Amino acid sequence: MKLQGKVIVVTGAASGIGRAMVKRFAADGATVIAADVDAERLAPVAAETGAEPVVCDVSDRASVEALLNRPRVDVLCNNAGILDALTPLADVSDELWRRVMSINVDGPFYATRAVLPMMIAQGGGVILNTCSAAALSGGRAGAAYTAAKHALLGVTRSVAWYYADQNIRCNAIAPGAISTKMHTREAPHEGGMAKYAPYFATVPPHGKASAVADVAAFLISDDASYVNGEILSVDGGWNAF
Ligand SMILES: NC(=O)c1ccc[n+]([C@@H]2O[C@H](COP(=O)([O-])OP(=O)(O)OC[C@H]3O[C@@H](n4cnc5c(N)ncnc54)[C@H](O)[C@@H]3O)[C@@H](O)[C@H]2O)c1
């Protein structure tokens, strides 16, 4: 019960990696606040785990601030995110760029800004950002998603550096190809997929969301007390290629 007594907020909690995090953290004894924009899919996750469900759109500042307006948060997991259909930059519309940036970057920014004063006042805390293999190279997704995850890695390192002396740790995980609904929510861009397809053979067998949650549980626990500003790949070796 390594997370006993910890109050943990997880965004994107209704599906995939976020759902697996909620299950794992609750099993480890944490009090979990499960936040997602999809109320319908969030309800069963809460019922199954005992987590508190909060409907929240991370791209909306007021919604994020309402989520985090609570007496204590020990751990914030900025996990909600969307893919960009593998769209190459020349074909990225303003709308797609804004949508990906607003959920994948603005969301973690709003949440982290809201939670930092609370963590400072309470004497410390932990922030974990779900980046991606696309935070480390250019050929894992489209332009908007790649830029967003690189930005989130920058946020991770900046927060880690600036707030280490306040007993706040901020790390990132970089999942590879994980079996979740993310890949099937939208049809991929034809040209983007054509570029990507020859490299399918380099992708290791898809991982389980629970395997990512296991690593997240380690990084937010006291076992990782001196890990700060790190990005940890959970990709079956994809990044080694
Ligand atoms: N699945 C993968 O292969 C993979 C690889 C690398 C990184 N990731 C990252 O992992 C994270 C989780 O993705 P997943 O694979 O579990 O996908 P998923 O689509 O299964 O789950 C994402 C969840 O985020 C929620 N969400 C979307 N927009 C939201 C918003 N505006 N506010 C609040 N919640 C919102 C969705 O409702 C959904 O429940 C994302 O940040 C994604 O970029 C996934």
# chains A, B, ... in the order shown; residues from 1 in each chain; ligands from 1

$ residues_around --residues "Leu232 in chain A" --least-positions-apart "3" --cutoff "9 Å" --atoms "only C-alpha atoms" --output "ChimeraX atom specification"
/A:171-175,215

$ write_last_selection --atoms "N, CA and C atoms" --output "PDB file, in the first residue's frame"
ATOM      1  N   ASN A 171       7.812  14.760 -12.997  1.00  0.00           N
ATOM      2  CA  ASN A 171       8.392  13.830 -13.970  1.00  0.00           C
ATOM      3  C   ASN A 171       7.401  13.555 -15.096  1.00  0.00           C
ATOM      4  N   ALA A 172       7.893  12.847 -16.109  1.00  0.00           N
ATOM      5  CA  ALA A 172       7.031  12.488 -17.248  1.00  0.00           C
ATOM      6  C   ALA A 172       7.215  11.013 -17.569  1.00  0.00           C
ATOM      7  N   ILE A 173       6.165  10.436 -18.127  1.00  0.00           N
ATOM      8  CA  ILE A 173       6.297   9.107 -18.715  1.00  0.00           C
ATOM      9  C   ILE A 173       6.099   9.243 -20.214  1.00  0.00           C
ATOM     10  N   ALA A 174       6.768   8.369 -20.940  1.00  0.00           N
ATOM     11  CA  ALA A 174       6.668   8.390 -22.410  1.00  0.00           C
ATOM     12  C   ALA A 174       6.185   7.028 -22.888  1.00  0.00           C
ATOM     13  N   PRO A 175       4.859   6.829 -22.883  1.00  0.00           N
ATOM     14  CA  PRO A 175       4.364   5.556 -23.392  1.00  0.00           C
ATOM     15  C   PRO A 175       4.664   5.422 -24.886  1.00  0.00           C
ATOM     16  N   VAL A 215       4.325   1.821 -13.851  1.00  0.00           N
ATOM     17  CA  VAL A 215       5.483   2.723 -13.827  1.00  0.00           C
ATOM     18  C   VAL A 215       5.086   4.062 -13.194  1.00  0.00           C
TER      19      VAL A 215
END

$ residues_near_ligand --ligand "ligand 1" --cutoff "8 Å" --atoms "only C-alpha atoms and all ligand atoms" --output "PDB file with N, CA and C atoms, in the first residue's frame"
ATOM      1  N   THR A  11      -6.243  13.061 -14.547  1.00  0.00           N
ATOM      2  CA  THR A  11      -7.111  13.533 -15.640  1.00  0.00           C
ATOM      3  C   THR A  11      -7.097  12.500 -16.776  1.00  0.00           C
ATOM      4  N   GLY A  12      -8.150  12.535 -17.581  1.00  0.00           N
ATOM      5  CA  GLY A  12      -8.280  11.524 -18.637  1.00  0.00           C
ATOM      6  C   GLY A  12      -8.517  10.158 -18.023  1.00  0.00           C
ATOM      7  N   ALA A  13      -9.304  10.144 -16.951  1.00  0.00           N
ATOM      8  CA  ALA A  13      -9.416   8.950 -16.101  1.00  0.00           C
ATOM      9  C   ALA A  13     -10.465   7.951 -16.576  1.00  0.00           C
ATOM     10  N   ALA A  14     -11.238   8.291 -17.610  1.00  0.00           N
ATOM     11  CA  ALA A  14     -12.355   7.424 -18.001  1.00  0.00           C
ATOM     12  C   ALA A  14     -11.957   6.308 -18.947  1.00  0.00           C
ATOM     13  N   SER A  15     -10.718   6.314 -19.410  1.00  0.00           N
ATOM     14  CA  SER A  15     -10.345   5.368 -20.456  1.00  0.00           C
ATOM     15  C   SER A  15      -8.844   5.078 -20.408  1.00  0.00           C
ATOM     16  N   GLY A  16      -8.453   3.988 -21.010  1.00  0.00           N
ATOM     17  CA  GLY A  16      -7.049   3.703 -21.301  1.00  0.00           C
ATOM     18  C   GLY A  16      -6.095   3.842 -20.119  1.00  0.00           C
ATOM     19  N   ILE A  17      -5.058   4.629 -20.326  1.00  0.00           N
ATOM     20  CA  ILE A  17      -3.980   4.753 -19.337  1.00  0.00           C
ATOM     21  C   ILE A  17      -4.489   5.409 -18.047  1.00  0.00           C
ATOM     22  N   GLY A  18      -5.324   6.448 -18.186  1.00  0.00           N
ATOM     23  CA  GLY A  18      -5.852   7.129 -17.001  1.00  0.00           C
ATOM     24  C   GLY A  18      -6.698   6.197 -16.152  1.00  0.00           C
ATOM     25  N   ARG A  19      -7.519   5.403 -16.808  1.00  0.00           N
ATOM     26  CA  ARG A  19      -8.362   4.439 -16.093  1.00  0.00           C
ATOM     27  C   ARG A  19      -7.481   3.426 -15.354  1.00  0.00           C
ATOM     28  N   ALA A  35     -10.864  12.439 -13.022  1.00  0.00           N
ATOM     29  CA  ALA A  35     -11.444  13.532 -13.813  1.00  0.00           C
ATOM     30  C   ALA A  35     -11.429  13.203 -15.297  1.00  0.00           C
ATOM     31  N   ASP A  36     -12.533  13.509 -15.948  1.00  0.00           N
ATOM     32  CA  ASP A  36     -12.601  13.285 -17.397  1.00  0.00           C
ATOM     33  C   ASP A  36     -13.744  14.126 -17.959  1.00  0.00           C
ATOM     34  N   VAL A  37     -13.651  14.426 -19.250  1.00  0.00           N
ATOM     35  CA  VAL A  37     -14.713  15.184 -19.916  1.00  0.00           C
ATOM     36  C   VAL A  37     -15.898  14.274 -20.263  1.00  0.00           C
ATOM     37  N   ASP A  38     -15.656  12.975 -20.290  1.00  0.00           N
ATOM     38  CA  ASP A  38     -16.670  12.005 -20.697  1.00  0.00           C
ATOM     39  C   ASP A  38     -17.360  11.413 -19.459  1.00  0.00           C
ATOM     40  N   ARG A  41     -18.528   7.540 -19.480  1.00  0.00           N
ATOM     41  CA  ARG A  41     -17.492   6.510 -19.315  1.00  0.00           C
ATOM     42  C   ARG A  41     -16.767   6.629 -17.975  1.00  0.00           C
ATOM     43  N   LEU A  42     -16.892   7.796 -17.352  1.00  0.00           N
ATOM     44  CA  LEU A  42     -16.228   8.011 -16.063  1.00  0.00           C
ATOM     45  C   LEU A  42     -16.970   7.293 -14.922  1.00  0.00           C
ATOM     46  N   VAL A  55     -16.396  15.550 -13.492  1.00  0.00           N
ATOM     47  CA  VAL A  55     -16.436  15.860 -14.920  1.00  0.00           C
ATOM     48  C   VAL A  55     -15.684  17.173 -15.134  1.00  0.00           C
ATOM     49  N   CYS A  56     -14.666  17.117 -15.968  1.00  0.00           N
ATOM     50  CA  CYS A  56     -13.772  18.260 -16.140  1.00  0.00           C
ATOM     51  C   CYS A  56     -13.223  18.264 -17.558  1.00  0.00           C
ATOM     52  N   ASP A  57     -13.277  19.425 -18.186  1.00  0.00           N
ATOM     53  CA  ASP A  57     -12.648  19.602 -19.491  1.00  0.00           C
ATOM     54  C   ASP A  57     -11.321  20.312 -19.253  1.00  0.00           C
ATOM     55  N   VAL A  58     -10.214  19.602 -19.463  1.00  0.00           N
ATOM     56  CA  VAL A  58      -8.919  20.189 -19.104  1.00  0.00           C
ATOM     57  C   VAL A  58      -8.542  21.387 -19.972  1.00  0.00           C
ATOM     58  N   SER A  59      -9.211  21.538 -21.110  1.00  0.00           N
ATOM     59  CA  SER A  59      -8.896  22.686 -21.960  1.00  0.00           C
ATOM     60  C   SER A  59      -9.608  23.962 -21.488  1.00  0.00           C
ATOM     61  N   ASP A  60     -10.429  23.820 -20.460  1.00  0.00           N
ATOM     62  CA  ASP A  60     -11.185  24.947 -19.927  1.00  0.00           C
ATOM     63  C   ASP A  60     -10.626  25.326 -18.545  1.00  0.00           C
ATOM     64  N   ASN A  78      -1.260  14.656 -14.884  1.00  0.00           N
ATOM     65  CA  ASN A  78      -1.781  15.285 -16.106  1.00  0.00           C
ATOM     66  C   ASN A  78      -1.704  14.258 -17.219  1.00  0.00           C
ATOM     67  N   ASN A  79      -2.816  13.558 -17.398  1.00  0.00           N
ATOM     68  CA  ASN A  79      -2.804  12.414 -18.323  1.00  0.00           C
ATOM     69  C   ASN A  79      -3.726  12.595 -19.533  1.00  0.00           C
ATOM     70  N   ALA A  80      -4.760  13.422 -19.428  1.00  0.00           N
ATOM     71  CA  ALA A  80      -5.701  13.571 -20.546  1.00  0.00           C
ATOM     72  C   ALA A  80      -4.945  14.034 -21.788  1.00  0.00           C
ATOM     73  N   GLY A  81      -5.290  13.447 -22.914  1.00  0.00           N
ATOM     74  CA  GLY A  81      -4.628  13.853 -24.152  1.00  0.00           C
ATOM     75  C   GLY A  81      -5.337  13.261 -25.348  1.00  0.00           C
ATOM     76  N   ILE A  82      -5.133  13.895 -26.500  1.00  0.00           N
ATOM     77  CA  ILE A  82      -5.715  13.382 -27.749  1.00  0.00           C
ATOM     78  C   ILE A  82      -4.624  13.318 -28.815  1.00  0.00           C
ATOM     79  N   LEU A  83      -4.850  12.440 -29.782  1.00  0.00           N
ATOM     80  CA  LEU A  83      -3.933  12.283 -30.905  1.00  0.00           C
ATOM     81  C   LEU A  83      -4.326  13.287 -32.014  1.00  0.00           C
ATOM     82  N   SER A 102      -4.692  22.698 -26.855  1.00  0.00           N
ATOM     83  CA  SER A 102      -5.500  23.098 -25.696  1.00  0.00           C
ATOM     84  C   SER A 102      -5.689  21.935 -24.721  1.00  0.00           C
ATOM     85  N   ILE A 103      -5.823  20.739 -25.240  1.00  0.00           N
ATOM     86  CA  ILE A 103      -6.001  19.582 -24.337  1.00  0.00           C
ATOM     87  C   ILE A 103      -4.649  19.068 -23.831  1.00  0.00           C
ATOM     88  N   ASN A 104      -3.669  18.970 -24.733  1.00  0.00           N
ATOM     89  CA  ASN A 104      -2.405  18.316 -24.373  1.00  0.00           C
ATOM     90  C   ASN A 104      -1.401  19.235 -23.673  1.00  0.00           C
ATOM     91  N   GLY A 107      -4.094  22.222 -20.863  1.00  0.00           N
ATOM     92  CA  GLY A 107      -4.675  21.493 -19.723  1.00  0.00           C
ATOM     93  C   GLY A 107      -3.654  21.279 -18.613  1.00  0.00           C
ATOM     94  N   THR A 130       1.816  12.763 -18.537  1.00  0.00           N
ATOM     95  CA  THR A 130       1.855  11.709 -19.549  1.00  0.00           C
ATOM     96  C   THR A 130       2.282  12.346 -20.867  1.00  0.00           C
ATOM     97  N   CYS A 131       3.557  12.175 -21.185  1.00  0.00           N
ATOM     98  CA  CYS A 131       4.066  12.639 -22.484  1.00  0.00           C
ATOM     99  C   CYS A 131       3.835  11.517 -23.479  1.00  0.00           C
ATOM    100  N   SER A 132       4.868  11.132 -24.189  1.00  0.00           N
ATOM    101  CA  SER A 132       4.718  10.135 -25.249  1.00  0.00           C
ATOM    102  C   SER A 132       6.093   9.886 -25.851  1.00  0.00           C
ATOM    103  N   ALA A 133       6.220   8.780 -26.559  1.00  0.00           N
ATOM    104  CA  ALA A 133       7.417   8.592 -27.382  1.00  0.00           C
ATOM    105  C   ALA A 133       7.561   9.774 -28.338  1.00  0.00           C
ATOM    106  N   ALA A 134       6.440  10.418 -28.658  1.00  0.00           N
ATOM    107  CA  ALA A 134       6.454  11.584 -29.557  1.00  0.00           C
ATOM    108  C   ALA A 134       7.046  12.826 -28.900  1.00  0.00           C
ATOM    109  N   TYR A 145       0.651  16.914 -32.377  1.00  0.00           N
ATOM    110  CA  TYR A 145       0.848  16.032 -31.217  1.00  0.00           C
ATOM    111  C   TYR A 145       2.317  16.010 -30.815  1.00  0.00           C
ATOM    112  N   LYS A 149       3.621  17.295 -27.177  1.00  0.00           N
ATOM    113  CA  LYS A 149       4.294  16.432 -26.196  1.00  0.00           C
ATOM    114  C   LYS A 149       5.713  16.924 -25.920  1.00  0.00           C
ATOM    115  N   ALA A 174       6.768   8.369 -20.940  1.00  0.00           N
ATOM    116  CA  ALA A 174       6.668   8.390 -22.410  1.00  0.00           C
ATOM    117  C   ALA A 174       6.185   7.028 -22.888  1.00  0.00           C
ATOM    118  N   PRO A 175       4.859   6.829 -22.883  1.00  0.00           N
ATOM    119  CA  PRO A 175       4.364   5.556 -23.392  1.00  0.00           C
ATOM    120  C   PRO A 175       4.664   5.422 -24.886  1.00  0.00           C
ATOM    121  N   GLY A 176       4.849   4.175 -25.300  1.00  0.00           N
ATOM    122  CA  GLY A 176       4.970   3.891 -26.731  1.00  0.00           C
ATOM    123  C   GLY A 176       3.604   3.561 -27.284  1.00  0.00           C
ATOM    124  N   ALA A 177       3.499   2.455 -27.988  1.00  0.00           N
ATOM    125  CA  ALA A 177       2.208   2.064 -28.572  1.00  0.00           C
ATOM    126  C   ALA A 177       1.437   1.233 -27.546  1.00  0.00           C
ATOM    127  N   ILE A 178       0.434   1.840 -26.973  1.00  0.00           N
ATOM    128  CA  ILE A 178      -0.346   1.191 -25.914  1.00  0.00           C
ATOM    129  C   ILE A 178      -1.760   0.925 -26.435  1.00  0.00           C
ATOM    130  N   SER A 179      -2.277  -0.242 -26.139  1.00  0.00           N
ATOM    131  CA  SER A 179      -3.624  -0.593 -26.610  1.00  0.00           C
ATOM    132  C   SER A 179      -4.679   0.181 -25.825  1.00  0.00           C
ATOM    133  N   THR A 180      -5.140   1.274 -26.395  1.00  0.00           N
ATOM    134  CA  THR A 180      -6.227   2.068 -25.809  1.00  0.00           C
ATOM    135  C   THR A 180      -7.122   2.558 -26.947  1.00  0.00           C
ATOM    136  N   LYS A 181      -8.147   3.301 -26.562  1.00  0.00           N
ATOM    137  CA  LYS A 181      -9.068   3.816 -27.574  1.00  0.00           C
ATOM    138  C   LYS A 181      -8.470   4.983 -28.366  1.00  0.00           C
ATOM    139  N   MET A 182      -7.339   5.545 -27.888  1.00  0.00           N
ATOM    140  CA  MET A 182      -6.807   6.752 -28.517  1.00  0.00           C
ATOM    141  C   MET A 182      -6.596   6.574 -30.020  1.00  0.00           C
ATOM    142  N   HIS A 183      -6.124   5.385 -30.405  1.00  0.00           N
ATOM    143  CA  HIS A 183      -5.764   5.180 -31.807  1.00  0.00           C
ATOM    144  C   HIS A 183      -6.974   5.015 -32.711  1.00  0.00           C
ATOM    145  N   ARG A 185     -10.034   6.588 -32.250  1.00  0.00           N
ATOM    146  CA  ARG A 185     -11.049   7.641 -32.132  1.00  0.00           C
ATOM    147  C   ARG A 185     -11.252   8.375 -33.459  1.00  0.00           C
ATOM    148  N   HIS A 206       2.220  -4.121 -28.930  1.00  0.00           N
ATOM    149  CA  HIS A 206       1.563  -3.075 -28.143  1.00  0.00           C
ATOM    150  C   HIS A 206       1.538  -3.423 -26.656  1.00  0.00           C
ATOM    151  N   ALA A 209      -2.213  -0.771 -20.928  1.00  0.00           N
ATOM    152  CA  ALA A 209      -2.329   0.449 -20.114  1.00  0.00           C
ATOM    153  C   ALA A 209      -1.872   0.192 -18.682  1.00  0.00           C
TER     154      ALA A 209
END

$ select_by_dssp --residues "range 5-219 of chain A" --states "strand (DSSP E)" --output "PyMOL selection string"
chain A and resi 7-11+31-36+52-55+75-78+125-130+168-175

$ atom_distance --atom1 "CA of Ala143 in chain A" --atom2 "CA of Leu128 in chain A"
23.2 Å

$ atom_distance --atom1 "CA of Gly191 in chain A" --atom2 "CA of Val100 in chain A"
19.0 Å

$ residues_around --residues "Gly229 in chain A" --least-positions-apart "4" --cutoff "8 Å" --atoms "only C-alpha atoms" --output "short mmCIF file (atom, residue, chain, number, x, y, z; two decimals) with N, CA, C and O atoms, in the first residue's frame"
data_model
loop_
_atom_site.label_atom_id
_atom_site.label_comp_id
_atom_site.auth_asym_id
_atom_site.auth_seq_id
_atom_site.Cartn_x
_atom_site.Cartn_y
_atom_site.Cartn_z
N THR A 156 7.59 19.94 -17.90
CA THR A 156 8.02 19.00 -16.86
C THR A 156 9.38 19.40 -16.30
O THR A 156 9.57 19.48 -15.07
N ARG A 157 10.31 19.65 -17.20
CA ARG A 157 11.68 19.97 -16.75
C ARG A 157 11.73 21.32 -16.05
O ARG A 157 12.46 21.50 -15.07
N SER A 158 10.95 22.29 -16.56
CA SER A 158 10.94 23.61 -15.94
C SER A 158 10.39 23.54 -14.52
O SER A 158 10.98 24.09 -13.58
N VAL A 159 9.28 22.86 -14.36
CA VAL A 159 8.67 22.75 -13.02
C VAL A 159 9.61 21.99 -12.08
O VAL A 159 9.81 22.37 -10.93
N ALA A 160 10.22 20.92 -12.61
CA ALA A 160 11.16 20.14 -11.78
C ALA A 160 12.29 21.03 -11.27
O ALA A 160 12.67 20.96 -10.10
N TRP A 161 12.81 21.85 -12.15
CA TRP A 161 13.95 22.70 -11.80
C TRP A 161 13.56 23.81 -10.82
O TRP A 161 14.19 24.01 -9.78
N ARG A 169 8.32 17.29 -6.83
CA ARG A 169 8.94 16.55 -7.95
C ARG A 169 8.01 16.58 -9.15
O ARG A 169 6.78 16.50 -8.99
N CYS A 170 8.58 16.71 -10.34
CA CYS A 170 7.76 16.69 -11.56
C CYS A 170 8.47 15.83 -12.60
O CYS A 170 9.61 16.12 -12.99
N ASN A 171 7.81 14.76 -13.00
CA ASN A 171 8.39 13.83 -13.97
C ASN A 171 7.40 13.55 -15.10
O ASN A 171 6.24 13.97 -15.03
N ALA A 172 7.89 12.85 -16.11
CA ALA A 172 7.03 12.49 -17.25
C ALA A 172 7.22 11.01 -17.57
O ALA A 172 8.28 10.44 -17.33
#

$ residues_around --residues "Leu3 in chain A" --least-positions-apart "2" --cutoff "7 Å" --atoms "only C-alpha atoms" --output "JSON, numbers by chain"
{"A": [1, 5, 6, 25, 28, 29, 30, 221]}

$ select_by_dssp --residues "range 42-125 of chain A" --states "alpha helix (DSSP H)" --output "ChimeraX atom specification"
/A:42-49,61-67,94-101,107-122
